[in-house]
>>> print(open('work-v2.cif').read())   # mmCIF, C-alpha atoms
data_data
#
loop_
_atom_site.label_atom_id
_atom_site.label_comp_id
_atom_site.auth_asym_id
_atom_site.auth_seq_id
_atom_site.Cartn_x
_atom_site.Cartn_y
_atom_site.Cartn_z
CA MET A 20 -0.72 19.73 23.15
CA LYS A 21 -3.57 17.43 24.20
CA ILE A 22 -2.73 17.91 27.92
CA ILE A 23 -2.64 21.71 27.52
CA ASN A 24 -6.05 21.73 25.78
CA THR A 25 -7.49 19.54 28.53
CA ILE A 26 -6.23 21.96 31.20
CA LYS A 27 -7.72 24.94 29.33
CA ASP A 28 -11.08 23.21 29.02
CA ASN A 29 -11.19 22.44 32.75
CA LEU A 30 -9.46 25.57 34.12
CA VAL A 31 -12.50 26.82 36.11
CA ILE A 32 -12.96 23.44 37.79
CA LEU A 33 -9.27 23.29 38.67
CA LEU A 34 -9.35 26.79 40.22
CA GLU A 35 -12.50 26.00 42.20
CA SER A 36 -10.94 22.74 43.40
CA LEU A 37 -7.81 24.58 44.49
CA ILE A 38 -9.81 27.18 46.46
CA ALA A 39 -11.94 24.44 48.05
CA LEU A 40 -8.79 22.56 49.06
CA VAL A 41 -7.29 25.69 50.66
CA LEU A 42 -10.51 26.35 52.63
CA LEU A 43 -10.61 22.73 53.79
CA ILE A 44 -7.03 22.87 55.03
CA LEU A 45 -7.56 26.22 56.83
CA ASN A 46 -10.78 25.14 58.49
CA THR A 47 -9.42 21.75 59.53
CA PHE A 48 -5.91 22.50 60.76
CA PHE A 49 -5.78 26.23 61.54
CA SER A 50 -9.12 26.85 63.26
CA GLY A 51 -9.35 26.70 67.06
CA THR A 52 -12.91 27.76 67.74
CA THR A 53 -15.97 27.92 65.57
CA ASN A 54 -17.00 31.46 64.58
CA TYR A 55 -19.04 33.11 61.85
CA LYS A 56 -15.96 33.43 59.58
CA GLU A 57 -15.35 29.67 59.76
CA ILE A 58 -19.04 28.99 59.10
CA ILE A 59 -18.93 31.23 56.01
CA ALA A 60 -15.76 29.43 54.88
CA TRP A 61 -17.49 26.02 55.22
CA ILE A 62 -20.52 27.34 53.31
CA ILE A 63 -18.24 28.59 50.52
CA PHE A 64 -16.41 25.25 50.57
CA GLY A 65 -19.72 23.38 50.25
CA LEU A 66 -20.90 25.57 47.41
CA LEU A 67 -17.60 25.10 45.59
CA VAL A 68 -17.78 21.31 45.99
CA PHE A 69 -21.39 21.31 44.81
CA ASP A 70 -20.51 23.49 41.79
CA ILE A 71 -17.53 21.26 40.98
CA LEU A 72 -19.75 18.17 41.08
CA ILE A 73 -22.34 19.83 38.82
CA LYS A 74 -19.65 20.83 36.34
CA LEU A 75 -18.10 17.36 36.39
CA TYR A 76 -21.50 15.79 35.83
CA ASN A 77 -22.19 18.13 32.87
CA LYS A 78 -18.75 17.28 31.51
CA TYR A 79 -19.66 13.61 31.76
CA LEU A 80 -22.95 14.20 29.93
CA ASP A 81 -21.16 16.18 27.20
CA TYR A 82 -18.55 13.43 26.86
CA LYS A 83 -21.26 10.76 26.68
CA LYS A 84 -23.18 12.75 24.05
CA GLU A 85 -20.01 13.40 22.06
CA LYS A 86 -19.15 9.71 22.20
CA GLU A 87 -22.63 8.75 20.97
CA LEU A 88 -22.44 11.30 18.14
CA LYS A 89 -19.01 9.98 17.17
CA GLU A 90 -20.32 6.43 17.13
CA GLN A 91 -23.31 7.53 15.02
CA ASN A 92 -21.05 9.45 12.61
CA ASP A 93 -18.65 6.51 12.38
CA ALA A 94 -21.55 4.14 11.71
CA LYS A 95 -22.94 6.55 9.11
CA HIS A 96 -19.52 6.91 7.48
CA ASN A 97 -18.99 3.14 7.41
CA GLN A 98 -22.46 2.68 5.94
CA GLN A 99 -21.69 5.29 3.26
CA ILE A 100 -18.50 3.42 2.38
CA LYS A 101 -20.44 0.15 2.17
CA ASP A 102 -23.12 1.82 0.02
CA LEU A 103 -20.49 3.26 -2.33
CA GLN A 104 -18.78 -0.12 -2.56
CA SER A 105 -22.14 -1.76 -3.27
CA ILE A 106 -22.95 0.84 -5.96
CA GLN A 107 -19.52 0.40 -7.54
CA LYS A 108 -19.79 -3.40 -7.47
CA GLU A 109 -23.26 -3.25 -9.02
CA LEU A 110 -21.98 -0.82 -11.66
CA ASN A 111 -18.90 -2.92 -12.49
CA GLU A 112 -21.05 -6.05 -12.86
CA GLN A 113 -23.42 -4.19 -15.20
CA LYS A 114 -20.55 -2.81 -17.32
CA GLU A 115 -19.03 -6.28 -17.68
CA PHE A 116 -22.43 -7.78 -18.49
CA ASN A 117 -23.02 -5.11 -21.15
CA LYS A 118 -19.60 -5.75 -22.68
CA GLU A 119 -20.35 -9.47 -23.04
CA TYR A 120 -23.88 -8.77 -24.29
CA LYS A 121 -22.52 -6.29 -26.84
CA GLU A 122 -19.92 -8.72 -28.17
CA LYS A 123 -22.53 -11.46 -28.53
CA LYS A 124 -25.14 -9.28 -30.23
CA GLU A 125 -22.65 -7.54 -32.53
CA LYS A 126 -21.96 -10.83 -34.30
CA SER A 127 -25.45 -10.92 -35.79
CA VAL A 128 -25.44 -7.17 -36.46
CA LYS A 129 -22.07 -7.49 -38.21
CA ILE A 130 -23.30 -10.09 -40.71
CA LEU A 131 -26.52 -8.14 -41.35
CA ASN A 132 -24.52 -4.97 -41.96
CA ARG A 133 -22.43 -6.84 -44.50
CA PHE A 134 -25.52 -8.13 -46.29
CA PHE A 135 -27.06 -4.67 -46.41
CA SER A 136 -23.93 -2.88 -47.58
CA GLU A 137 -23.55 -5.38 -50.43
CA SER A 138 -27.30 -5.33 -51.26
CA LEU A 139 -27.59 -9.03 -50.53
CA LEU A 140 -30.64 -8.47 -48.31
CA ASN A 141 -33.26 -5.74 -47.95
CA GLU A 142 -33.27 -3.89 -44.62
CA THR A 143 -37.01 -3.39 -44.53
CA ASP A 144 -37.63 -7.13 -44.79
CA ILE A 145 -35.14 -7.83 -42.01
CA LEU A 146 -36.66 -5.15 -39.78
CA LYS A 147 -39.95 -7.03 -39.91
CA LEU A 148 -38.20 -9.87 -38.09
CA ALA A 149 -37.10 -7.60 -35.26
CA LYS A 150 -38.66 -8.73 -32.02
CA SER A 151 -40.63 -6.27 -29.91
CA ALA A 152 -38.59 -5.34 -26.85
CA GLN A 153 -38.98 -3.25 -23.72
CA TYR A 154 -36.74 -0.19 -23.66
CA TYR A 155 -35.89 2.64 -21.30
CA LEU A 156 -35.86 6.09 -22.90
CA LEU A 157 -33.70 8.52 -20.95
CA TYR A 158 -33.83 12.28 -21.53
CA VAL A 159 -30.92 14.02 -19.79
CA TYR A 160 -31.02 17.70 -18.85
CA SER A 161 -27.55 18.85 -17.81
CA TRP A 162 -25.56 22.01 -17.15
CA SER A 163 -22.52 22.12 -19.43
CA PHE A 164 -19.02 23.01 -18.34
CA ARG A 165 -17.93 26.56 -18.96
CA SER A 166 -16.07 26.18 -22.26
CA GLU A 167 -13.45 28.92 -21.84
CA ILE A 168 -12.13 31.73 -19.63
CA VAL A 169 -10.14 34.88 -20.35
CA VAL A 170 -6.49 34.36 -19.46
CA LYS A 171 -5.07 37.66 -20.67
CA LYS A 172 -6.72 40.73 -22.15
CA THR A 173 -5.05 43.69 -23.87
CA LYS A 174 -6.21 46.42 -26.21
CA LYS A 175 -5.04 44.45 -29.22
CA LYS A 176 -6.15 40.91 -28.37
CA THR A 177 -7.75 38.64 -25.81
CA GLU A 178 -6.28 35.24 -24.91
CA TYR A 179 -8.66 32.46 -23.92
CA TYR A 180 -8.12 29.16 -22.16
CA GLN A 181 -10.17 26.23 -23.49
CA PHE A 182 -11.21 23.73 -20.82
CA LYS A 183 -10.32 20.11 -21.44
CA THR A 184 -12.74 18.71 -18.85
CA LYS A 185 -15.97 17.30 -20.29
CA ARG A 186 -19.14 15.91 -18.75
CA GLN A 187 -18.63 12.25 -17.89
CA TYR A 188 -22.22 10.99 -17.75
CA PRO A 189 -22.42 10.11 -21.51
CA ILE A 190 -19.41 7.79 -21.07
CA PHE A 191 -21.05 6.22 -18.03
CA LEU A 192 -24.31 5.63 -19.94
CA GLU A 193 -22.50 4.10 -22.92
CA GLN A 194 -20.58 1.72 -20.64
CA LEU A 195 -23.87 0.84 -19.00
CA GLY A 196 -25.31 -0.21 -22.37
CA PHE A 197 -27.20 2.89 -23.53
CA THR A 198 -27.23 4.02 -27.15
CA ARG A 199 -27.05 7.78 -27.72
CA MET A 200 -29.50 8.93 -30.38
CA GLY A 201 -27.16 11.27 -32.22
CA VAL A 202 -23.71 12.80 -31.68
CA ASN A 203 -24.73 15.38 -29.05
CA SER A 204 -28.26 14.17 -28.39
CA THR A 205 -29.79 14.31 -24.91
CA LEU A 206 -31.83 11.17 -25.63
CA PHE A 207 -30.42 7.75 -24.72
CA ILE A 208 -32.09 4.34 -25.05
CA ILE A 209 -31.36 0.91 -23.65
CA ASN A 210 -32.94 -2.49 -24.10
CA LYS A 211 -33.92 -3.92 -20.70
CA GLU A 212 -32.24 -7.19 -21.69
CA LYS A 213 -28.95 -5.34 -21.37
CA LEU A 214 -29.50 -4.88 -17.64
CA LYS A 215 -28.11 -7.79 -15.64
CA GLN A 216 -30.17 -7.43 -12.45
CA GLU A 217 -33.86 -8.18 -12.74
CA LYS A 218 -34.68 -5.49 -10.18
CA LEU A 219 -33.39 -2.86 -12.65
CA HIS A 220 -36.17 -3.87 -15.05
CA GLU A 221 -38.49 -2.04 -12.63
CA ILE A 222 -38.42 1.67 -13.47
CA VAL A 223 -38.42 2.83 -9.82
CA ASN A 224 -35.34 0.73 -9.01
CA PHE A 225 -33.57 1.78 -12.19
CA LYS A 226 -34.26 5.44 -11.42
CA LYS A 227 -32.66 5.01 -7.97
CA PHE A 228 -29.68 3.28 -9.60
CA LEU A 229 -29.20 6.19 -12.03
CA ASN A 230 -29.67 8.78 -9.28
CA LYS A 231 -26.91 7.31 -7.12
CA ASN A 232 -24.45 7.03 -9.98
CA PHE A 233 -25.20 10.47 -11.44
CA LYS A 234 -24.54 12.05 -8.02
CA SER A 235 -21.22 10.25 -7.75
CA ILE A 236 -20.23 11.20 -11.30
CA ARG A 237 -21.22 14.83 -10.73
CA ARG A 238 -18.98 15.12 -7.65
CA GLU A 239 -16.03 13.70 -9.57
CA GLU A 240 -16.71 15.99 -12.55
CA PHE A 241 -16.75 19.07 -10.33
CA LYS A 242 -13.54 18.01 -8.59
CA LEU A 243 -11.70 17.63 -11.92
CA TYR A 244 -13.16 20.90 -13.21
CA LEU A 245 -12.05 22.82 -10.10
CA GLU A 246 -8.51 21.49 -10.43
CA GLU A 247 -8.35 22.92 -13.94
CA VAL A 248 -9.97 26.24 -12.93
CA LYS A 249 -7.54 26.63 -10.00
CA LYS A 250 -4.56 26.49 -12.36
CA GLN A 251 -5.99 29.15 -14.68
CA ASP A 252 -8.10 31.56 -12.62
CA LYS A 253 -7.76 31.74 -8.82
CA LYS A 254 -10.60 34.28 -8.52
CA LEU A 255 -13.03 32.06 -10.42
CA TYR A 256 -11.86 29.07 -8.37
CA LYS A 257 -12.74 30.86 -5.10
CA LYS A 258 -16.14 31.77 -6.50
CA TYR A 259 -16.91 28.16 -7.45
CA THR A 260 -15.67 26.68 -4.17
CA LYS A 261 -17.58 29.29 -2.14
CA LYS A 262 -20.92 28.58 -3.85
CA GLY A 263 -20.27 24.82 -3.89
CA LEU A 264 -21.28 21.91 -6.05
CA ASP A 265 -25.04 22.39 -5.64
CA ASN A 266 -24.92 25.54 -7.77
CA TYR A 267 -23.01 24.00 -10.68
CA LEU A 268 -23.07 21.02 -13.06
CA LYS A 269 -26.72 20.34 -12.42
CA ILE A 270 -28.03 17.14 -13.96
CA ASN A 271 -31.60 15.86 -14.07
CA PHE A 272 -33.34 13.31 -16.22
CA LEU A 273 -36.67 11.96 -17.39
CA LEU A 274 -36.91 8.17 -17.53
CA LEU A 275 -39.65 6.53 -19.62
CA GLU A 276 -40.55 3.00 -20.69
CA SER A 277 -41.49 2.05 -24.25
CA VAL A 278 -41.77 -0.85 -26.66
CA ILE A 279 -39.65 -0.54 -29.81
CA HIS A 280 -40.08 -2.72 -32.88
CA SER A 281 -40.20 -2.38 -36.65
CA GLY A 282 -43.74 -0.99 -36.47
CA ASN A 283 -42.71 2.29 -34.83
CA ILE A 284 -39.56 2.98 -36.85
CA GLY A 285 -40.25 5.52 -39.59
CA LEU A 286 -38.16 5.30 -42.77
CA VAL A 287 -38.87 8.82 -44.01
CA THR A 288 -36.01 9.19 -46.49
CA GLY A 289 -36.07 5.65 -47.79
CA ASP A 290 -35.40 2.19 -46.45
CA PHE A 291 -31.80 2.87 -45.37
CA ILE A 292 -31.39 3.67 -41.67
CA GLY A 293 -27.63 3.85 -41.33
CA LEU A 294 -26.34 0.35 -40.88
CA ASN A 295 -22.83 0.83 -42.22
CA ASN A 296 -20.07 -0.17 -39.80
CA LYS A 297 -19.05 3.35 -38.78
CA LYS A 298 -22.55 4.60 -37.96
CA ALA A 299 -23.90 1.42 -36.41
CA LYS A 300 -22.50 2.34 -32.99
CA GLU A 301 -24.83 5.33 -32.67
CA ASP A 302 -27.94 4.14 -34.52
CA LEU A 303 -31.29 2.88 -33.39
CA ALA A 304 -30.91 0.19 -36.04
CA LYS A 305 -28.23 -1.51 -34.00
CA GLU A 306 -30.54 -1.69 -31.02
CA VAL A 307 -33.40 -3.15 -33.02
CA LEU A 308 -31.38 -5.54 -35.18
CA GLY A 309 -29.45 -6.73 -32.16
CA ASN A 310 -32.59 -8.62 -31.14
CA ILE A 311 -32.85 -10.53 -34.39
CA ALA A 312 -31.92 -14.20 -34.19
CA LEU A 313 -30.28 -15.19 -37.46
CA LYS A 314 -31.83 -18.65 -37.13
CA ASP A 315 -35.26 -17.03 -37.43
CA ILE A 316 -34.46 -15.58 -40.87
CA ASN A 317 -35.89 -17.81 -43.60
CA LEU A 318 -34.04 -17.12 -46.86
CA GLY A 319 -34.98 -18.36 -50.30
CA SER A 320 -32.62 -20.70 -52.15
CA GLU A 321 -31.67 -18.02 -54.71
CA ILE A 322 -30.62 -15.56 -52.00
CA LYS A 323 -28.64 -18.28 -50.20
CA ILE A 324 -26.70 -19.07 -53.38
CA LYS A 325 -26.07 -15.36 -53.93
CA ILE A 326 -24.70 -14.95 -50.39
CA LYS A 327 -22.62 -18.10 -50.64
CA ASP A 328 -21.05 -16.98 -53.93
CA TYR A 329 -20.33 -13.57 -52.46
CA PHE A 330 -18.34 -14.96 -49.53
CA LYS A 331 -16.45 -17.44 -51.72
CA GLU A 332 -15.14 -14.55 -53.79
CA GLN A 333 -14.02 -12.39 -50.86
CA ASP A 334 -10.41 -11.48 -50.10
CA PHE A 335 -8.78 -11.29 -46.66
CA ASP A 336 -9.77 -7.65 -46.28
CA ILE A 337 -13.21 -8.80 -45.14
CA LEU A 338 -11.52 -10.18 -42.00
CA LEU A 339 -9.11 -7.26 -41.51
CA GLU A 340 -11.04 -4.00 -41.63
CA GLU A 341 -8.85 -1.80 -39.42
CA ILE A 342 -5.24 -2.59 -40.30
CA SER A 343 -2.71 -0.53 -42.26
CA ASN A 344 -2.87 -0.43 -46.05
CA LYS A 345 0.73 -1.62 -46.22
CA THR A 346 0.01 -4.79 -44.23
CA MET A 347 -3.24 -5.43 -46.10
CA LYS A 348 -1.48 -5.06 -49.45
CA LYS A 349 1.17 -7.60 -48.42
CA ILE A 350 -1.49 -10.12 -47.35
CA SER A 351 -3.60 -9.51 -50.46
CA ASN A 352 -0.61 -9.96 -52.79
CA ASN A 353 0.06 -13.32 -51.11
CA ARG A 354 -3.58 -14.47 -50.95
CA HIS A 355 -3.06 -17.56 -53.13
CA LYS A 356 0.02 -18.64 -51.17
CA ILE A 357 -1.83 -18.28 -47.86
CA LYS A 358 -4.84 -20.27 -49.11
CA ASN A 359 -2.65 -23.02 -50.56
CA GLU A 360 -0.48 -23.43 -47.45
CA LEU A 361 -3.54 -23.47 -45.18
CA GLN A 362 -5.46 -25.61 -47.66
CA VAL A 363 -8.60 -23.45 -47.72
CA LYS A 364 -10.79 -22.59 -50.71
CA ASN A 365 -12.16 -19.36 -49.23
CA VAL A 366 -11.14 -16.96 -46.45
CA ILE A 367 -14.02 -17.94 -44.15
CA GLN A 368 -12.65 -21.51 -43.83
CA ILE A 369 -9.63 -20.12 -41.96
CA CYS A 370 -11.72 -20.35 -38.78
CA LYS A 371 -11.16 -24.13 -38.80
CA LYS A 372 -7.36 -23.85 -38.90
CA ASN A 373 -5.02 -23.83 -35.92
CA LEU A 374 -3.93 -20.36 -34.86
CA SER A 375 -0.26 -21.47 -34.85
CA ASP A 376 -0.54 -22.56 -38.50
CA ILE A 377 -2.01 -19.19 -39.52
CA GLU A 378 0.74 -17.38 -37.61
CA SER A 379 3.41 -19.51 -39.33
CA VAL A 380 2.10 -18.67 -42.80
CA LEU A 381 1.90 -14.92 -42.06
CA LYS A 382 5.37 -15.00 -40.55
CA GLY A 383 6.60 -16.66 -43.74
CA ILE A 384 5.44 -13.72 -45.86
CA LYS A 385 7.06 -11.34 -43.34
CA VAL A 386 3.99 -9.73 -41.76
CA SER A 387 5.44 -7.79 -38.82
CA ASN A 388 2.59 -8.20 -36.30
CA TYR A 389 1.67 -11.67 -37.58
CA GLN A 390 0.38 -12.97 -34.20
CA GLU A 391 -2.15 -10.16 -33.78
CA ILE A 392 -3.23 -10.38 -37.44
CA ALA A 393 -3.62 -14.18 -37.27
CA SER A 394 -5.81 -13.94 -34.16
CA LYS A 395 -8.01 -11.29 -35.77
CA MET A 396 -8.38 -13.29 -39.00
CA LYS A 397 -9.46 -16.43 -37.15
CA THR A 398 -11.89 -14.56 -34.85
CA GLU A 399 -13.56 -12.66 -37.70
CA ALA A 400 -13.79 -15.80 -39.84
CA GLU A 401 -15.53 -17.59 -36.95
CA ILE A 402 -18.12 -14.81 -36.69
CA TYR A 403 -19.00 -15.06 -40.37
CA TYR A 404 -18.88 -18.85 -40.42
CA ASN A 405 -21.23 -19.23 -37.44
CA ALA A 406 -23.59 -16.59 -38.84
CA LEU A 407 -23.77 -18.40 -42.19
CA GLN A 408 -24.42 -21.67 -40.37
CA ASP A 409 -27.33 -20.00 -38.51
CA LEU A 410 -28.69 -18.88 -41.88
CA ASN A 411 -28.38 -22.47 -43.10
CA ILE A 412 -25.74 -21.54 -45.70
CA ASN A 413 -22.87 -24.02 -46.08
CA ILE A 414 -19.64 -22.26 -47.08
CA ASP A 415 -17.45 -25.41 -47.04
#
>>> encode(input="work-v2.cif", output="structure tokens")
Amino acid sequence: MKIINTIKDNLVILLESLIALVLLILNTFFSGTTNYKEIIAWIIFGLLVFDILIKLYNKYLDYKKEKELKEQNDAKHNQQIKDLQSIQKELNEQKEFNKEYKEKKEKSVKILNRFFSESLLNETDILKLAKSAQYYLLYVYSWSFRSEIVVKKTKKKTEYYQFKTKRQYPIFLEQLGFTRMGVNSTLFIINKEKLKQEKLHEIVNFKKFLNKNFKSIRREEFKLYLEEVKKQDKKLYKKYTKKGLDNYLKINFLLLESVIHSGNIGLVTGDFIGLNNKKAKEDLAKEVLGNIALKDINLGSEIKIKIKDYFKEQDFDILLEEISNKTMKKISNNRHKIKNELQVKNVIQICKKNLSDIESVLKGIKVSNYQEIASKMKTEAEIYYNALQDLNINID
């Protein structure tokens, strides 16, 4: 196929070469005397040779230009691959950094939430300890997916297809470290401390970082959306593919810098700002309180005694918030046996015991997933124990 295409592309040159060759042979071997016909033949031969050379030279120039363009396109493509790899690497590093940051900060937030929910401390007093911090405020303006299309329509009823594809940028922002200010809010905030690279603390660099990632996310969103549209409505699919990505799933944003601290948090409906465990993931409170160092909180002796007594009285449910009622009931019914065999006076002291010993005790009372439960108990107990130590409260 390649040979045939080459012949087609150079057919005129081949024909001219053939004619020139015939003229050369006739004039050289079959001509006795020079006459005007032979002169004309030599002139035609010369013109053909000249034209062939011009065409060959132009072919060479075209080939050279094509080669240069290919090299430029290859270089551009390779650079795009490197850029995408660099963006992905930078993004993965930031996600991992945010995960570690989140786990570290949630320890202090967890103990504060417990104090607030049990009225052991006042939120307003704690908020005063919150350190001022630099934040990015991100307002996102996006085009939503079409929610449904008509699959079948009759006189009696109309059947709709509900799209499963959703916009992916909120997930990206959450993994990055942003907090969304409400269930479907377009406002997201992030503490600059959550950003690993120092260059991202400069708003121009951070804007470029968001731009690159939003473009990549948007392309992937449109690809997934089209796959779903294609299965349900071929006509709509053709319309979307014809107009292209630029006409759909638009996404723009406004990025601002601000300082957030207790002084600019308004407690309009009271001093409670949603610090219970379920809401903490979405609340501004988590962002602000995450900056509080427990060591900086100076508690009075009466409050310390109150907190200490509270934790001494707690059952194992304080360490096992998201397990089945059946398993929790079995552990609670055997609380005294567990404490005696592990030789602890309160549940927080379990953090000092070997994991294998905890597993053995739970296995003895026939807890099915005893290894997972034992690990969770020890981890949660360590969080509370370390937090109490930071508050200068001795639970031993």
>>> resolve_selection(input="work-v2.cif", expression="the PyMOL selection byres ((chain A and resi 107-110) around 12)", output="count of residues only")
32
>>> residues_around(input="work-v2.cif", residues="stretch 154-165 of chain A", least_positions_apart="3", cutoff="7 Å", atoms="all atoms listed in the file", output="ChimeraX atom specification")
/A:185,205-211,268-279
>>> closest_residue(input="work-v2.cif", among="A:Leu407, A:Ser204, A:Asn77, A:Lys183", to="A:Leu313", atoms="only C-alpha atoms")
A:Leu407
>>> resolve_selection(input="work-v2.cif", expression="the PyMOL selection byres ((chain A and resi 415) around 8)", output="ChimeraX atom specification")
/A:368,413-414
>>> residues_around(input="work-v2.cif", residues="A:Arg354", least_positions_apart="4", cutoff="8 Å", atoms="only C-alpha atoms", output="list in words")
Asp334, Phe335, Ile350 and Lys358 of chain A
>>> atom_distance(input="work-v2.cif", atom1="atom CA of A:Ala94", atom2="atom CA of A:Lys78")
23.9 Å
>>> residues_around(input="work-v2.cif", residues="stretch 240-251 of chain A", least_positions_apart="5", cutoff="7 Å", atoms="only C-alpha atoms", output="short mmCIF file (atom, residue, chain, number, x, y, z; two decimals) with C-alpha atoms, in the frame of the given file")
data_model
loop_
_atom_site.label_atom_id
_atom_site.label_comp_id
_atom_site.auth_asym_id
_atom_site.auth_seq_id
_atom_site.Cartn_x
_atom_site.Cartn_y
_atom_site.Cartn_z
CA THR A 184 -12.74 18.71 -18.85
CA ARG A 186 -19.14 15.91 -18.75
CA GLN A 187 -18.63 12.25 -17.89
CA TYR A 256 -11.86 29.07 -8.37
CA LEU A 264 -21.28 21.91 -6.05
#
>>> closest_residue(input="work-v2.cif", among="A:Asp252, A:Glu90, A:Glu221, A:Glu85", to="A:Phe182", atoms="only C-alpha atoms")
A:Asp252
>>> atom_distance(input="work-v2.cif", atom1="atom CA of A:Leu338", atom2="atom CA of A:Val366")
8.1 Å
>>> resolve_selection(input="work-v2.cif", expression="the PyMOL selection byres ((chain A and resi 393) around 8)", output="PyMOL selection string")
chain A and resi 374+377-378+381+389-392+394-397
>>> write_last_selection(input="work-v2.cif", atoms="C-alpha atoms", output="PDB file, in the coordinates of the input")
ATOM      1  CA  LEU A 374      -3.930 -20.360 -34.860  1.00  0.00           C
ATOM      2  CA  ILE A 377      -2.010 -19.190 -39.520  1.00  0.00           C
ATOM      3  CA  GLU A 378       0.740 -17.380 -37.610  1.00  0.00           C
ATOM      4  CA  LEU A 381       1.900 -14.920 -42.060  1.00  0.00           C
ATOM      5  CA  TYR A 389       1.670 -11.670 -37.580  1.00  0.00           C
ATOM      6  CA  GLN A 390       0.380 -12.970 -34.200  1.00  0.00           C
ATOM      7  CA  GLU A 391      -2.150 -10.160 -33.780  1.00  0.00           C
ATOM      8  CA  ILE A 392      -3.230 -10.380 -37.440  1.00  0.00           C
ATOM      9  CA  SER A 394      -5.810 -13.940 -34.160  1.00  0.00           C
ATOM     10  CA  LYS A 395      -8.010 -11.290 -35.770  1.00  0.00           C
ATOM     11  CA  MET A 396      -8.380 -13.290 -39.000  1.00  0.00           C
ATOM     12  CA  LYS A 397      -9.460 -16.430 -37.150  1.00  0.00           C
TER      13      LYS A 397
END
>>> atom_distance(input="work-v2.cif", atom1="atom CA of A:Glu119", atom2="atom CA of A:Leu140")
27.3 Å
>>> closest_residue(input="work-v2.cif", among="A:Lys234, A:Lys121, A:His355, A:Lys262", to="A:Glu193", atoms="only C-alpha atoms")
A:Lys121
>>> closest_residue(input="work-v2.cif", among="A:Lys314, A:Lys254, A:Lys331, A:Lys356", to="A:Leu410", atoms="all atoms listed in the file")
A:Lys314
